[in-house]
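A short worksheet on the structure shown next.
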Amino acid sequence: MNIITVTDLNRPELDVYARLTEAQLRNKLEPEKGIFIAESLKVVRVALEKGLRPLSFLAEQKYIDEQLAPLFKKQYSGFNIENIPVYTGERNMLAQLTGYELSRGFLCAMRRPQLPTVEEICAGKRRIAVMDSIVNSTNTGAIFRAATALGIEGLLLTPTCCDPLNRRSVRVSMGTVFQMPWSYIGESREVTGQMNYIYVLQELEFKTVALALSDKAVSIDSPTLQNIGKMAIVMGTEGDGLPKSVIDACDYVAKIPMQRGVDSLNVAAAAAVAFWQLRV
């Protein structure tokens, strides 16, 4: 390993861990130069196996042999991991740098992947899901994990959603953000109105199912829904849910029957129920 002991917290190579905002890491002006931060052995291993390129590691000294050594024993396509710098130091010093203790032992700065197009996400798929304005990183990671585990073949996000490569979202997803094909929808086509992306999906021959509390909603176990060939499951932001214009544009509206006076589930829990019930 190329181990570098940190003695100067101001060295520019450490900016990605300490001084760049999430927006700066994403680098919207030059997406091919965007960076994200991953943590934990399992998450980083999945990312490496999926071909994502590491730029550097930041690890507590005591975790190098225990956590990082297993990663460096494997060969990965496209790069030589032995040349990737590993910055290290004592726990207190690294906490001073990052602003929090490295509970998982190390961080990894990685190059953001190039996202597929909406058409590529949808090609040959029978079950996809759309996340509309979901802004909580924990919910985002949990939805990716549920989607990957329960048969969803692709995820599309509106530009107002939380970044799936946010550090917390990646961790909560347990690395499934690297396994699930995903991209953004609603940026590339000049159609006015919030329901823009619904029409795009319908043109791609998907029946759209909004998860919402509505007078016209059918139960999620309705036989009508079970017989749909190509389905896009659409879920909305925490609290307010989907905009009325999106609900009205969808082919169907579905709800999960509640008991004991509870009106709804958390969006991540509702997504998991929907993915299971509406699977192929």
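By order in the structure tokens, chains are A, B, ...; within a chain, residues start at 1; ligands start at 1, following the order shown.
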
Taking 6 positions as the minimum chain separation for residues in the same chain, which residues sit within 10 Å of Ala18 (chain A) when counting only C-alpha atoms? Answer as a JSON list (two decimals) with N, CA and C atoms, in the first residue's frame.
```
[["chain", "number", "residue", "atom", "x", "y", "z"],
["A", 9, "LEU", "N", -2.92, 18.90, 8.21],
["A", 9, "LEU", "CA", -4.33, 18.76, 7.86],
["A", 9, "LEU", "C", -4.74, 19.66, 6.69],
["A", 10, "ASN", "N", -3.88, 20.59, 6.30],
["A", 10, "ASN", "CA", -4.21, 21.53, 5.24],
["A", 10, "ASN", "C", -3.75, 21.09, 3.86],
["A", 12, "PRO", "N", -3.75, 19.82, 0.25],
["A", 12, "PRO", "CA", -4.90, 19.87, -0.67],
["A", 12, "PRO", "C", -5.49, 18.51, -1.01],
["A", 94, "LEU", "N", -7.86, 12.59, 12.68],
["A", 94, "LEU", "CA", -8.74, 12.42, 11.53],
["A", 94, "LEU", "C", -10.14, 12.97, 11.83],
["A", 95, "ALA", "N", -10.59, 12.84, 13.07],
["A", 95, "ALA", "CA", -11.87, 13.43, 13.46],
["A", 95, "ALA", "C", -11.82, 14.95, 13.36],
["A", 96, "GLN", "N", -10.68, 15.51, 13.68],
["A", 96, "GLN", "CA", -10.50, 16.96, 13.55],
["A", 96, "GLN", "C", -10.56, 17.37, 12.08],
["A", 97, "LEU", "N", -10.05, 16.51, 11.22],
["A", 97, "LEU", "CA", -10.05, 16.79, 9.79],
["A", 97, "LEU", "C", -11.46, 16.72, 9.21],
["A", 98, "THR", "N", -12.18, 15.62, 9.49],
["A", 98, "THR", "CA", -13.47, 15.38, 8.85],
["A", 98, "THR", "C", -14.64, 16.01, 9.59],
["A", 99, "GLY", "N", -14.47, 16.25, 10.89],
["A", 99, "GLY", "CA", -15.56, 16.79, 11.69],
["A", 99, "GLY", "C", -16.39, 15.71, 12.36]]
```

Please return, as a JSON list (two decimals) with C-alpha atoms, in the first residue's frame, all residues of region 47-198 of chain A that DSSP assigns to alpha helix (DSSP H) on the basis of the backbone.
```json
[["chain", "number", "residue", "atom", "x", "y", "z"],
["A", 47, "ALA", "CA", -18.08, -0.31, -5.44],
["A", 48, "LEU", "CA", -14.68, -1.66, -6.46],
["A", 49, "GLU", "CA", -16.17, -4.88, -7.79],
["A", 69, "ALA", "CA", -5.68, -5.09, 3.63],
["A", 70, "PRO", "CA", -8.46, -7.41, 2.31],
["A", 71, "LEU", "CA", -9.33, -4.87, -0.40],
["A", 72, "PHE", "CA", -5.72, -4.54, -1.54],
["A", 91, "ARG", "CA", -8.36, 8.86, 15.49],
["A", 92, "ASN", "CA", -8.49, 12.32, 17.05],
["A", 93, "MET", "CA", -6.53, 13.91, 14.22],
["A", 94, "LEU", "CA", -8.74, 12.42, 11.53],
["A", 95, "ALA", "CA", -11.87, 13.43, 13.46],
["A", 96, "GLN", "CA", -10.50, 16.96, 13.55],
["A", 97, "LEU", "CA", -10.05, 16.79, 9.79],
["A", 98, "THR", "CA", -13.47, 15.38, 8.85],
["A", 118, "VAL", "CA", -33.48, 7.08, -19.17],
["A", 119, "GLU", "CA", -33.93, 4.95, -22.28],
["A", 120, "GLU", "CA", -31.04, 2.70, -21.26],
["A", 121, "ILE", "CA", -32.50, 2.29, -17.77],
["A", 122, "CYS", "CA", -35.89, 1.32, -19.18],
["A", 137, "SER", "CA", -30.53, 10.51, 2.61],
["A", 138, "THR", "CA", -31.58, 7.66, 4.91],
["A", 139, "ASN", "CA", -34.80, 7.11, 2.97],
["A", 140, "THR", "CA", -32.90, 7.28, -0.30],
["A", 141, "GLY", "CA", -30.43, 4.61, 0.76],
["A", 142, "ALA", "CA", -33.19, 2.40, 2.18],
["A", 143, "ILE", "CA", -35.21, 2.62, -1.04],
["A", 144, "PHE", "CA", -32.18, 1.59, -3.10],
["A", 145, "ARG", "CA", -31.60, -1.36, -0.81],
["A", 146, "ALA", "CA", -35.24, -2.48, -0.96],
["A", 147, "ALA", "CA", -35.41, -2.02, -4.72],
["A", 148, "THR", "CA", -32.30, -4.12, -5.28],
["A", 149, "ALA", "CA", -33.49, -6.88, -2.95],
["A", 167, "ARG", "CA", -22.13, 9.50, 2.03],
["A", 168, "ARG", "CA", -25.00, 8.54, 4.35],
["A", 169, "SER", "CA", -27.21, 7.33, 1.53],
["A", 170, "VAL", "CA", -24.44, 5.07, 0.23],
["A", 171, "ARG", "CA", -23.88, 3.64, 3.70],
["A", 172, "VAL", "CA", -27.58, 2.99, 4.39],
["A", 173, "SER", "CA", -27.93, 1.32, 1.00],
["A", 196, "ASN", "CA", -43.20, 15.74, -17.65],
["A", 197, "TYR", "CA", -41.49, 12.50, -16.69],
["A", 198, "ILE", "CA", -44.77, 10.58, -16.46]]
```

Contact residues around region 153-158 of chain A with only C-alpha atoms at 9 Å, ignoring same-chain residues under 6 positions, as an mmCIF file with N, CA and C atoms, in the first residue's frame:
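Output below, filename result.cif:
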```cif
data_model
loop_
_atom_site.group_PDB
_atom_site.id
_atom_site.type_symbol
_atom_site.label_atom_id
_atom_site.label_comp_id
_atom_site.auth_asym_id
_atom_site.auth_seq_id
_atom_site.Cartn_x
_atom_site.Cartn_y
_atom_site.Cartn_z
ATOM 1 N N VAL A 118 -32.189 7.631 -19.579
ATOM 2 C CA VAL A 118 -33.482 7.076 -19.169
ATOM 3 C C VAL A 118 -33.847 5.893 -20.055
ATOM 4 N N ILE A 121 -31.955 2.847 -19.007
ATOM 5 C CA ILE A 121 -32.498 2.286 -17.766
ATOM 6 C C ILE A 121 -33.747 1.452 -18.061
ATOM 7 N N CYS A 122 -34.585 1.942 -18.949
ATOM 8 C CA CYS A 122 -35.894 1.321 -19.179
ATOM 9 C C CYS A 122 -35.859 0.155 -20.169
ATOM 10 N N LYS A 125 -36.854 -3.675 -19.435
ATOM 11 C CA LYS A 125 -37.264 -3.805 -18.035
ATOM 12 C C LYS A 125 -38.783 -3.959 -17.920
ATOM 13 N N ARG A 126 -39.203 -4.640 -16.861
ATOM 14 C CA ARG A 126 -40.633 -4.785 -16.583
ATOM 15 C C ARG A 126 -41.042 -4.071 -15.299
ATOM 16 N N ARG A 127 -40.102 -3.836 -14.402
ATOM 17 C CA ARG A 127 -40.408 -3.141 -13.152
ATOM 18 C C ARG A 127 -39.323 -2.112 -12.856
ATOM 19 N N ILE A 128 -39.718 -0.837 -12.918
ATOM 20 C CA ILE A 128 -38.826 0.236 -12.496
ATOM 21 C C ILE A 128 -39.556 1.074 -11.453
ATOM 22 N N ALA A 129 -38.832 1.956 -10.788
ATOM 23 C CA ALA A 129 -39.447 2.842 -9.800
ATOM 24 C C ALA A 129 -38.923 4.258 -9.999
ATOM 25 N N VAL A 130 -39.755 5.215 -9.631
ATOM 26 C CA VAL A 130 -39.398 6.624 -9.753
ATOM 27 C C VAL A 130 -39.476 7.269 -8.380
ATOM 28 N N MET A 131 -38.442 7.993 -8.010
ATOM 29 C CA MET A 131 -38.399 8.735 -6.753
ATOM 30 C C MET A 131 -38.557 10.218 -7.080
ATOM 31 N N ASP A 132 -39.631 10.815 -6.599
ATOM 32 C CA ASP A 132 -39.943 12.212 -6.897
ATOM 33 C C ASP A 132 -39.682 13.071 -5.655
ATOM 34 N N SER A 133 -38.624 13.862 -5.706
ATOM 35 C CA SER A 133 -38.315 14.855 -4.658
ATOM 36 C C SER A 133 -38.095 14.233 -3.279
ATOM 37 N N ILE A 134 -37.604 13.025 -3.205
ATOM 38 C CA ILE A 134 -37.284 12.408 -1.916
ATOM 39 C C ILE A 134 -35.931 12.947 -1.471
ATOM 40 N N PHE A 144 -33.099 2.307 -2.204
ATOM 41 C CA PHE A 144 -32.180 1.592 -3.103
ATOM 42 C C PHE A 144 -31.968 0.154 -2.632
ATOM 43 N N ALA A 147 -35.214 -1.820 -3.286
ATOM 44 C CA ALA A 147 -35.412 -2.024 -4.721
ATOM 45 C C ALA A 147 -34.504 -3.131 -5.250
ATOM 46 N N MET A 180 -27.702 -1.260 -8.416
ATOM 47 C CA MET A 180 -28.966 -0.900 -9.070
ATOM 48 C C MET A 180 -28.728 0.126 -10.174
ATOM 49 N N PRO A 181 -29.138 -0.164 -11.424
ATOM 50 C CA PRO A 181 -29.043 0.864 -12.468
ATOM 51 C C PRO A 181 -29.944 2.052 -12.119
ATOM 52 N N TRP A 182 -29.406 3.279 -12.202
ATOM 53 C CA TRP A 182 -30.213 4.449 -11.873
ATOM 54 C C TRP A 182 -29.760 5.652 -12.676
ATOM 55 N N SER A 183 -30.635 6.612 -12.763
ATOM 56 C CA SER A 183 -30.309 7.860 -13.442
ATOM 57 C C SER A 183 -31.357 8.901 -13.062
ATOM 58 N N TYR A 184 -31.211 10.082 -13.634
ATOM 59 C CA TYR A 184 -32.168 11.160 -13.393
ATOM 60 C C TYR A 184 -33.149 11.267 -14.560
ATOM 61 N N ILE A 185 -34.355 11.685 -14.250
ATOM 62 C CA ILE A 185 -35.373 11.901 -15.265
ATOM 63 C C ILE A 185 -35.993 13.280 -15.054
ATOM 64 N N GLY A 186 -36.273 13.965 -16.163
ATOM 65 C CA GLY A 186 -36.915 15.275 -16.053
ATOM 66 C C GLY A 186 -36.010 16.431 -16.393
ATOM 67 N N GLU A 187 -34.746 16.166 -16.739
ATOM 68 C CA GLU A 187 -33.831 17.257 -17.053
ATOM 69 C C GLU A 187 -33.639 17.468 -18.550
ATOM 70 N N TYR A 197 -42.116 13.820 -16.644
ATOM 71 C CA TYR A 197 -41.488 12.501 -16.688
ATOM 72 C C TYR A 197 -42.513 11.375 -16.783
#
```

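The residues of region 19-92 of chain A that DSSP classifies as strand (DSSP E), using the backbone of this structure, are Ile35, Phe36, Ile37, Ala38, Glu39, Pro54, Leu55, Ser56, Phe57, Leu58, Ala59, Glu60, Pro85, Val86, Tyr87, Thr88 and Gly89 of chain A.
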
Generate a file of the selected residues that holds N, CA and C atoms, formatted as a short mmCIF file (atom, residue, chain, number, x, y, z; two decimals), in the first residue's frame.
```cif
data_model
loop_
_atom_site.label_atom_id
_atom_site.label_comp_id
_atom_site.auth_asym_id
_atom_site.auth_seq_id
_atom_site.Cartn_x
_atom_site.Cartn_y
_atom_site.Cartn_z
N ILE A 35 -16.87 13.55 -7.57
CA ILE A 35 -16.34 12.64 -6.56
C ILE A 35 -17.43 12.36 -5.54
N PHE A 36 -17.40 11.18 -4.93
CA PHE A 36 -18.24 10.90 -3.78
C PHE A 36 -17.41 10.17 -2.74
N ILE A 37 -17.92 10.14 -1.51
CA ILE A 37 -17.22 9.51 -0.40
C ILE A 37 -17.98 8.27 0.04
N ALA A 38 -17.29 7.14 0.09
CA ALA A 38 -17.88 5.89 0.57
C ALA A 38 -17.18 5.47 1.85
N GLU A 39 -17.90 4.74 2.71
CA GLU A 39 -17.30 4.25 3.94
C GLU A 39 -17.77 2.83 4.24
N PRO A 54 -11.28 4.22 -7.21
CA PRO A 54 -10.92 4.98 -5.99
C PRO A 54 -9.85 6.02 -6.31
N LEU A 55 -9.93 7.14 -5.63
CA LEU A 55 -8.92 8.19 -5.78
C LEU A 55 -7.96 8.21 -4.59
N SER A 56 -8.49 7.91 -3.40
CA SER A 56 -7.66 7.84 -2.19
C SER A 56 -8.47 7.23 -1.06
N PHE A 57 -7.75 6.83 -0.01
CA PHE A 57 -8.38 6.33 1.20
C PHE A 57 -7.93 7.20 2.37
N LEU A 58 -8.80 7.29 3.37
CA LEU A 58 -8.45 7.95 4.63
C LEU A 58 -8.79 6.97 5.74
N ALA A 59 -7.77 6.49 6.46
CA ALA A 59 -7.99 5.40 7.41
C ALA A 59 -7.25 5.64 8.72
N GLU A 60 -7.90 5.25 9.81
CA GLU A 60 -7.18 5.23 11.08
C GLU A 60 -6.09 4.16 11.02
N PRO A 85 -3.26 6.22 -2.98
CA PRO A 85 -2.74 6.67 -1.69
C PRO A 85 -3.69 6.38 -0.53
N VAL A 86 -3.11 5.97 0.59
CA VAL A 86 -3.86 5.74 1.83
C VAL A 86 -3.36 6.73 2.86
N TYR A 87 -4.15 7.74 3.16
CA TYR A 87 -3.78 8.73 4.17
C TYR A 87 -4.20 8.22 5.54
N THR A 88 -3.33 8.35 6.50
CA THR A 88 -3.63 7.78 7.81
C THR A 88 -3.16 8.67 8.93
N GLY A 89 -3.71 8.44 10.10
CA GLY A 89 -3.34 9.19 11.29
C GLY A 89 -4.12 8.67 12.48
#
```

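Across the structure, CA of Glu90 (chain A) and CA of Gly34 (chain A) are spaced 28.2 Å apart.
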
(request) Report the distance between CA of Glu101 (chain A) and CA of Tyr63 (chain A) in Å, rounded to one decimal place. (result) 13.2 Å

Excluding Gln226 (chain A) and its own-chain neighbours fewer than 3 positions away, which residues fall within 9 Å of it when counting only C-alpha atoms? Please give them as a CSV table (one decimal) with N, CA and C atoms, in the first residue's frame.
```
chain,number,residue,atom,x,y,z
A,220,ILE,N,-53.2,-1.9,-3.1
A,220,ILE,CA,-52.0,-2.3,-3.8
A,220,ILE,C,-52.0,-3.8,-4.2
A,221,ASP,N,-52.9,-4.6,-3.6
A,221,ASP,CA,-53.1,-6.0,-4.0
A,221,ASP,C,-54.2,-6.2,-5.0
A,222,SER,N,-54.7,-5.1,-5.6
A,222,SER,CA,-55.7,-5.2,-6.6
A,222,SER,C,-55.3,-6.1,-7.8
A,223,PRO,N,-56.1,-7.0,-8.3
A,223,PRO,CA,-55.8,-7.8,-9.4
A,223,PRO,C,-55.5,-7.0,-10.7
A,229,GLY,N,-48.0,-5.5,-17.4
A,229,GLY,CA,-46.7,-6.1,-17.9
A,229,GLY,C,-45.5,-5.2,-17.5
A,277,GLN,N,-45.1,-6.4,-3.3
A,277,GLN,CA,-46.4,-6.8,-3.8
A,277,GLN,C,-46.5,-6.7,-5.3
A,278,LEU,N,-45.8,-5.8,-5.9
A,278,LEU,CA,-46.0,-5.5,-7.4
A,278,LEU,C,-44.9,-6.2,-8.2
A,279,ARG,N,-44.1,-7.0,-7.6
A,279,ARG,CA,-43.0,-7.7,-8.3
A,279,ARG,C,-43.5,-8.6,-9.4
A,280,VAL,N,-42.7,-8.8,-10.4
A,280,VAL,CA,-43.1,-9.7,-11.5
A,280,VAL,C,-43.1,-11.1,-11.0
```

(message) When you count only C-alpha atoms, which of these residues is closest to Pro243 (chain A): A:Val44, A:Ala212, A:Val273, A:Ile228?
(response)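 Comparing A:Val44, A:Ala212, A:Val273, A:Ile228 against Pro243 (chain A), the winner is A:Ala212.
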
(request) Return the single residue from A:Arg45, A:Ala123, A:Tyr100, A:Leu242 that is closest to Tyr17 (chain A), with distances computed using only C-alpha atoms. (result) A:Tyr100

(request) Could you tell me which of A:Asn136, A:Gln24, A:Asn266, A:Asn2 comes closest to Asn83 (chain A) if we count only C-alpha atoms? (result)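 Closest residue, counting only C-alpha atoms: A:Asn2.
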
(request) Can you pull out every residue within 8 Å of Lys50 (chain A), counting only C-alpha atoms, but drop anything in the same chain fewer than 4 positions away, and send it as a PyMOL selection string? (result) chain A and resi 46+178-179

(request) Enter the distance from CA of Met1 (chain A) to CA of Glu82 (chain A), in Å, rounded to one decimal. (result) 5.3 Å
